[in-house]
$ cat query.tsv   # TSV, C-alpha atoms and all ligand atoms
chain	number	residue	atom	x	y	z
A	1	MET	CA	31.27	-1.39	-25.36
A	2	VAL	CA	28.57	-3.35	-23.61
A	3	ALA	CA	28.61	-4.30	-19.93
A	4	ALA	CA	26.12	-6.77	-18.46
A	5	VAL	CA	24.77	-6.77	-14.92
A	6	PHE	CA	23.45	-10.00	-13.39
A	7	PRO	CA	21.29	-9.83	-10.26
A	8	ALA	CA	21.65	-13.14	-8.38
A	9	ALA	CA	21.18	-11.93	-4.80
A	10	GLY	CA	17.55	-12.90	-4.22
A	11	SER	CA	16.20	-15.21	-1.52
A	12	SER	CA	14.72	-17.81	-3.95
A	13	THR	CA	11.54	-17.96	-1.83
A	14	ARG	CA	9.36	-19.48	-4.56
A	15	MET	CA	12.01	-22.15	-5.19
A	16	GLY	CA	11.75	-23.19	-1.56
A	17	GLY	CA	14.16	-20.72	0.05
A	18	GLY	CA	17.19	-21.38	2.16
A	19	PHE	CA	19.58	-21.58	-0.80
A	20	ASN	CA	20.37	-19.52	-3.89
A	21	LYS	CA	18.57	-21.07	-6.89
A	22	ASN	CA	21.22	-19.63	-9.20
A	23	PHE	CA	23.64	-22.29	-7.90
A	24	LEU	CA	21.30	-25.17	-8.82
A	25	GLU	CA	22.62	-27.31	-11.64
A	26	LEU	CA	20.95	-27.64	-15.02
A	27	ALA	CA	22.33	-30.58	-16.98
A	28	GLY	CA	25.38	-30.58	-14.70
A	29	GLU	CA	26.17	-26.86	-14.74
A	30	PRO	CA	25.14	-24.16	-12.24
A	31	ILE	CA	22.48	-21.80	-13.63
A	32	LEU	CA	24.66	-18.74	-12.92
A	33	ILE	CA	27.62	-20.17	-14.85
A	34	ARG	CA	25.43	-21.15	-17.79
A	35	THR	CA	24.05	-17.60	-17.99
A	36	LEU	CA	27.49	-15.96	-17.75
A	37	LYS	CA	28.96	-18.29	-20.40
A	38	THR	CA	26.23	-17.39	-22.88
A	39	PHE	CA	26.80	-13.65	-22.48
A	40	SER	CA	30.56	-14.24	-22.73
A	41	GLN	CA	30.00	-15.60	-26.24
A	42	VAL	CA	28.63	-12.25	-27.41
A	43	GLU	CA	31.44	-10.31	-29.07
A	44	ARG	CA	30.23	-6.86	-27.98
A	45	VAL	CA	29.78	-7.82	-24.32
A	46	LYS	CA	33.08	-6.95	-22.62
A	47	PHE	CA	32.40	-6.92	-18.88
A	48	LEU	CA	30.20	-8.87	-16.46
A	49	ILE	CA	28.99	-7.65	-13.06
A	50	VAL	CA	27.58	-10.38	-10.82
A	51	ILE	CA	25.53	-9.47	-7.76
A	52	VAL	CA	25.11	-11.97	-4.93
A	53	ALA	CA	24.41	-11.99	-1.20
A	54	ALA	CA	27.26	-10.81	1.07
A	55	HIS	CA	28.00	-14.31	2.40
A	56	GLU	CA	28.25	-15.68	-1.17
A	57	VAL	CA	30.78	-13.24	-2.64
A	58	GLU	CA	33.87	-15.29	-1.85
A	59	THR	CA	32.36	-18.59	-3.04
A	60	VAL	CA	31.20	-17.02	-6.30
A	61	GLU	CA	34.59	-15.42	-6.90
A	62	LYS	CA	36.18	-18.85	-6.55
A	63	LEU	CA	33.56	-20.45	-8.79
A	64	LEU	CA	34.08	-17.85	-11.54
A	65	SER	CA	37.88	-17.96	-11.24
A	66	ALA	CA	37.74	-21.64	-12.15
A	67	GLU	CA	35.94	-20.87	-15.43
A	68	LYS	CA	38.02	-20.21	-18.52
A	69	ASN	CA	35.42	-18.94	-20.96
A	70	LEU	CA	34.19	-15.84	-19.18
A	71	LYS	CA	34.64	-12.19	-20.10
A	72	PRO	CA	36.31	-10.05	-17.37
A	73	TRP	CA	34.03	-9.91	-14.33
A	74	ARG	CA	33.51	-8.45	-10.84
A	75	VAL	CA	31.32	-9.76	-8.05
A	76	THR	CA	29.51	-7.45	-5.65
A	77	VAL	CA	26.88	-7.49	-2.91
A	78	GLY	CA	23.13	-7.16	-3.45
A	79	GLY	CA	20.32	-5.57	-1.45
A	80	SER	CA	16.88	-6.43	-0.08
A	81	GLU	CA	15.12	-5.75	-3.43
A	82	ARG	CA	16.19	-6.60	-6.98
A	83	GLN	CA	16.33	-2.88	-7.77
A	84	PHE	CA	18.71	-2.21	-4.87
A	85	SER	CA	20.90	-5.11	-5.94
A	86	ILE	CA	21.22	-3.66	-9.44
A	87	ALA	CA	21.80	-0.12	-8.14
A	88	ASN	CA	24.78	-1.52	-6.26
A	89	GLY	CA	26.07	-3.39	-9.29
A	90	LEU	CA	25.91	-0.26	-11.44
A	91	LYS	CA	28.61	1.30	-9.23
A	92	LEU	CA	31.11	-1.10	-10.82
A	93	LEU	CA	30.45	-0.09	-14.44
A	94	PRO	CA	33.65	0.46	-16.39
A	95	ASP	CA	33.99	4.05	-17.74
A	96	ASP	CA	33.80	2.92	-21.36
A	97	ALA	CA	30.55	0.93	-20.99
A	98	GLU	CA	28.07	2.73	-23.26
A	99	ILE	CA	25.31	0.13	-23.34
A	100	ILE	CA	24.24	-1.65	-20.17
A	101	LEU	CA	22.34	-4.92	-20.19
A	102	VAL	CA	20.55	-6.10	-17.08
A	103	HIS	CA	19.80	-9.82	-17.07
A	104	ASP	CA	18.35	-12.07	-14.38
A	105	ALA	CA	20.99	-14.69	-13.58
A	106	ALA	CA	18.01	-17.04	-13.26
A	107	ARG	CA	17.33	-16.95	-17.05
A	108	PRO	CA	20.00	-19.37	-18.27
A	109	LEU	CA	18.22	-20.25	-21.54
A	110	ILE	CA	18.67	-16.83	-23.13
A	111	SER	CA	19.71	-17.02	-26.79
A	112	LEU	CA	22.67	-15.24	-28.38
A	113	GLN	CA	20.26	-13.86	-30.98
A	114	THR	CA	18.06	-12.15	-28.39
A	115	ILE	CA	21.07	-10.64	-26.63
A	116	ASP	CA	22.30	-9.23	-29.95
A	117	ASN	CA	18.86	-7.92	-30.86
A	118	VAL	CA	18.49	-6.15	-27.50
A	119	ILE	CA	21.92	-4.52	-27.87
A	120	ASP	CA	21.06	-3.32	-31.40
A	121	ALA	CA	17.71	-1.89	-30.32
A	122	ALA	CA	19.18	-0.26	-27.17
A	123	GLU	CA	21.78	1.49	-29.35
A	124	LYS	CA	19.10	2.67	-31.75
A	125	PHE	CA	16.29	3.64	-29.35
A	126	GLY	CA	18.04	4.18	-25.97
A	127	GLY	CA	16.12	1.39	-24.26
A	128	ALA	CA	14.99	-2.08	-25.35
A	129	ILE	CA	13.58	-5.14	-23.59
A	130	ALA	CA	13.17	-8.80	-24.47
A	131	ALA	CA	9.53	-9.89	-24.43
A	132	VAL	CA	7.02	-12.40	-25.79
A	133	PRO	CA	3.34	-11.93	-26.67
A	134	ALA	CA	1.02	-12.92	-23.79
A	135	LYS	CA	-0.42	-16.40	-24.37
A	136	ASP	CA	-3.03	-16.02	-21.67
A	137	THR	CA	-5.67	-13.35	-21.28
A	138	ILE	CA	-4.64	-10.91	-18.55
A	139	LYS	CA	-7.16	-9.40	-16.10
A	140	ILE	CA	-6.65	-6.24	-14.09
A	141	ILE	CA	-7.98	-7.07	-10.62
A	142	ASP	CA	-8.73	-5.23	-7.38
A	143	ALA	CA	-7.57	-5.84	-3.82
A	144	GLU	CA	-10.58	-8.12	-3.12
A	145	ASN	CA	-9.73	-10.36	-6.11
A	146	PHE	CA	-12.54	-9.12	-8.35
A	147	VAL	CA	-11.97	-8.34	-12.01
A	148	LYS	CA	-11.80	-4.65	-12.82
A	149	PHE	CA	-11.34	-5.01	-16.58
A	150	THR	CA	-9.77	-7.03	-19.38
A	151	PRO	CA	-7.13	-5.30	-21.50
A	152	PRO	CA	-6.92	-6.61	-25.10
A	153	ARG	CA	-4.52	-9.55	-25.23
A	154	LYS	CA	-2.92	-8.23	-28.40
A	155	GLU	CA	-1.61	-5.27	-26.40
A	156	MET	CA	-0.16	-7.47	-23.62
A	157	SER	CA	3.56	-8.23	-23.70
A	158	VAL	CA	5.21	-10.52	-21.16
A	159	VAL	CA	8.59	-9.02	-20.50
A	160	GLN	CA	11.82	-10.81	-19.75
A	161	THR	CA	15.45	-9.86	-19.57
A	162	PRO	CA	17.88	-8.81	-20.97
A	163	GLN	CA	16.80	-5.21	-20.79
A	164	GLY	CA	19.33	-2.88	-22.39
A	165	PHE	CA	19.84	0.86	-22.11
A	166	LYS	CA	22.25	3.63	-22.98
A	167	ARG	CA	24.38	4.19	-19.90
A	168	GLU	CA	23.28	7.79	-19.14
A	169	ILE	CA	19.61	6.85	-19.44
A	170	LEU	CA	19.83	3.88	-17.07
A	171	LEU	CA	21.90	5.76	-14.49
A	172	ARG	CA	19.51	8.72	-14.60
A	173	ALA	CA	16.53	6.38	-14.18
A	174	TYR	CA	18.09	4.72	-11.12
A	175	GLU	CA	18.89	8.14	-9.59
A	176	LYS	CA	15.33	9.37	-10.12
A	177	ALA	CA	13.83	6.19	-8.67
A	178	ALA	CA	16.04	6.50	-5.58
A	179	GLU	CA	15.17	10.20	-5.10
A	180	GLU	CA	11.45	9.51	-5.43
A	181	ASN	CA	11.40	6.19	-3.55
A	182	PHE	CA	10.00	4.41	-6.59
A	183	LEU	CA	10.34	0.64	-6.53
A	184	GLY	CA	9.79	-1.17	-9.83
A	185	THR	CA	9.76	-4.85	-10.72
A	186	ASP	CA	11.93	-4.37	-13.79
A	187	ASP	CA	14.50	-1.89	-15.07
A	188	SER	CA	12.36	-0.61	-17.90
A	189	SER	CA	9.72	0.65	-15.45
A	190	LEU	CA	12.35	3.00	-13.98
A	191	VAL	CA	13.40	4.26	-17.41
A	192	GLU	CA	9.79	4.70	-18.57
A	193	ARG	CA	9.43	7.32	-15.80
A	194	LEU	CA	11.97	9.49	-17.65
A	195	GLY	CA	9.66	9.51	-20.67
A	196	VAL	CA	12.02	7.37	-22.76
A	197	ARG	CA	10.23	5.14	-25.31
A	198	ILE	CA	11.28	1.56	-24.78
A	199	LYS	CA	11.45	-0.81	-27.74
A	200	ILE	CA	10.04	-4.33	-27.42
A	201	VAL	CA	12.37	-6.99	-28.84
A	202	THR	CA	10.60	-10.26	-29.57
A	203	SER	CA	12.34	-13.02	-27.65
A	204	SER	CA	11.59	-16.73	-27.17
A	205	TYR	CA	9.17	-18.56	-24.86
A	206	ASP	CA	12.21	-20.70	-23.95
A	207	ASN	CA	13.78	-17.77	-22.07
A	208	ILE	CA	12.05	-18.71	-18.81
A	209	LYS	CA	13.04	-17.42	-15.40
A	210	ILE	CA	13.84	-20.32	-13.08
A	211	THR	CA	11.39	-19.45	-10.31
A	212	THR	CA	9.64	-22.57	-8.93
A	213	PRO	CA	10.84	-26.22	-8.76
A	214	GLU	CA	8.89	-27.19	-11.94
A	215	ASP	CA	11.00	-24.71	-13.89
A	216	ILE	CA	14.08	-26.90	-13.42
A	217	HIS	CA	12.33	-29.76	-15.23
A	218	ILE	CA	11.01	-27.45	-17.94
A	219	ALA	CA	14.50	-25.99	-18.47
A	220	GLU	CA	16.06	-29.46	-18.67
A	221	THR	CA	13.46	-30.46	-21.25
A	222	ILE	CA	14.27	-27.38	-23.33
A	223	LEU	CA	18.00	-28.16	-23.07
A	224	ARG	CA	17.44	-31.80	-24.11
A	225	SER	CA	15.37	-30.65	-27.09
A	226	GLY	CA	18.54	-29.11	-28.51
A	227	ARG	CA	16.89	-25.70	-28.92
A	228	LYS	CA	19.51	-24.28	-26.55
A	301	LIG	N1	17.52	-10.69	-7.15
A	301	LIG	C1	18.54	-9.93	-6.60
A	301	LIG	N2	18.33	-9.24	-5.43
A	301	LIG	C2	17.12	-9.27	-4.82
A	301	LIG	C3	16.06	-10.02	-5.40
A	301	LIG	C4	16.29	-10.72	-6.57
A	301	LIG	O1	19.65	-9.89	-7.15
A	301	LIG	N3	16.96	-8.60	-3.69
A	301	LIG	C5	17.77	-11.50	-8.36
A	301	LIG	C6	17.49	-12.99	-8.18
A	301	LIG	O2	18.60	-13.64	-7.58
A	301	LIG	C7	17.18	-13.46	-9.58
A	301	LIG	C8	16.63	-12.21	-10.26
A	301	LIG	O3	16.92	-11.09	-9.41
A	301	LIG	O4	18.35	-13.90	-10.27
A	301	LIG	C9	15.13	-12.31	-10.50
A	301	LIG	O5	14.44	-12.38	-9.26
A	301	LIG	P1	13.51	-13.60	-8.78
A	301	LIG	O6	13.37	-14.59	-9.87
A	301	LIG	O7	12.31	-13.02	-8.16
A	301	LIG	O8	14.42	-14.31	-7.68
A	301	LIG	P2	14.25	-14.30	-6.10
A	301	LIG	O9	13.86	-12.94	-5.66
A	301	LIG	O10	15.48	-14.89	-5.51
A	301	LIG	O11	13.05	-15.33	-5.93
A	301	LIG	P3	11.72	-15.13	-5.06
A	301	LIG	O12	11.05	-13.88	-5.58
A	301	LIG	O13	10.93	-16.38	-5.28
A	301	LIG	O14	12.18	-14.98	-3.62
A	302	MG	MG	11.98	-12.05	-6.29

$ encode --input "query.tsv" --output "structure tokens"
Amino acid sequence: MVAAVFPAAGSSTRMGGGFNKNFLELAGEPILIRTLKTFSQVERVKFLIVIVAAHEVETVEKLLSAEKNLKPWRVTVGGSERQFSIANGLKLLPDDAEIILVHDAARPLISLQTIDNVIDAAEKFGGAIAAVPAKDTIKIIDAENFVKFTPPRKEMSVVQTPQGFKREILLRAYEKAAEENFLGTDDSSLVERLGVRIKIVTSSYDNIKITTPEDIHIAETILRSGRK
């Protein structure tokens, strides 16, 4: 079966800070709830692990208890970095979870199709991540803000979540990262260090991460368009 882990324990600094952006409402529904409801519609997803700040655990448990259409869930406490939050969430994996999806709670516009495609590819290849082709040219820069070089745009992939992995692979990657004090900005970067080849699953440009205040308006526009 598939278990999904949702980091939602960040400090929302770029949103303005002082509150958890995952509780903001999009068309009348909190972002976190919207995300969890979408994953709950996927047949193969059987368990949800939600990671929030220590002072939010009780509130979130109450919020989720009031929802009828969620798969079985647990709420736990996050850490100072996204990676530490997820490491903590992984402790709650049910024994029969063979495929683990990690998904930013702050990506409420994820499609059922992409979730299914990531699960399929994770089963087949061991690791798979949702991504879209880069629209912009990307520059590699130095510490003084000068361009070092320009990698070919065709080889640039902008990665999102969900990122899905076979259980043993993900747990091994998190152990290795902890042992070697490696801090990555996504889950795949930890797994890549094991030498596992990660499959890119083409996702949608609609699967934005709610990061800055403009993103709320963009997400509401996407919702109104009926694409989601
Ligand atoms: N996250 C987490 N624990 C952290 C940091 C982030 O669980 N220590 C979660 C966020 O809550 C979010 C997801 O990881 O759902 C993606 O992170 P990001 O969009 O960067 O959110 P924040 O870290 O909260 O925002 P910012 O970087 O602007 O402070
Ligand atoms: Mg962050």

$ closest_residue --input "query.tsv" --among "A:Ala105, A:Val77, A:Val42, A:Ile115" --to "Lys91 of chain A" --atoms "all atoms listed in the file"
A:Val77

$ closest_residue --input "query.tsv" --among "A:Leu194, A:Ala53, A:Leu171, A:Ile99" --to "Ser11 of chain A" --atoms "all atoms listed in the file"
A:Ala53

$ closest_residue --input "query.tsv" --among "A:Glu61, A:Glu67, A:Glu81, A:Glu123" --to "Met1 of chain A" --atoms "all atoms listed in the file"
A:Glu123

$ residues_near_ligand --input "query.tsv" --ligand "ligand LIG 301 (chain A)" --cutoff "9 Å" --atoms "all atoms listed in the file" --output "PyMOL selection string"
chain A and resi 6-17+20-22+32+50-53+77-86+103-107+185+209-212

$ residues_around --input "query.tsv" --residues "Pro94 of chain A" --least-positions-apart "3" --cutoff "8 Å" --atoms "only C-alpha atoms" --output "list in words"
Ala3, Phe47 and Ala97 of chain A

$ write_last_selection --input "query.tsv" --atoms "C-alpha atoms" --output "CSV table (one decimal), in the frame of the given file"
chain,number,residue,atom,x,y,z
A,3,ALA,CA,28.6,-4.3,-19.9
A,47,PHE,CA,32.4,-6.9,-18.9
A,97,ALA,CA,30.6,0.9,-21.0

$ atom_distance --input "query.tsv" --atom1 "atom CA of Lys37 of chain A" --atom2 "atom CA of Asn69 of chain A"
6.5 Å
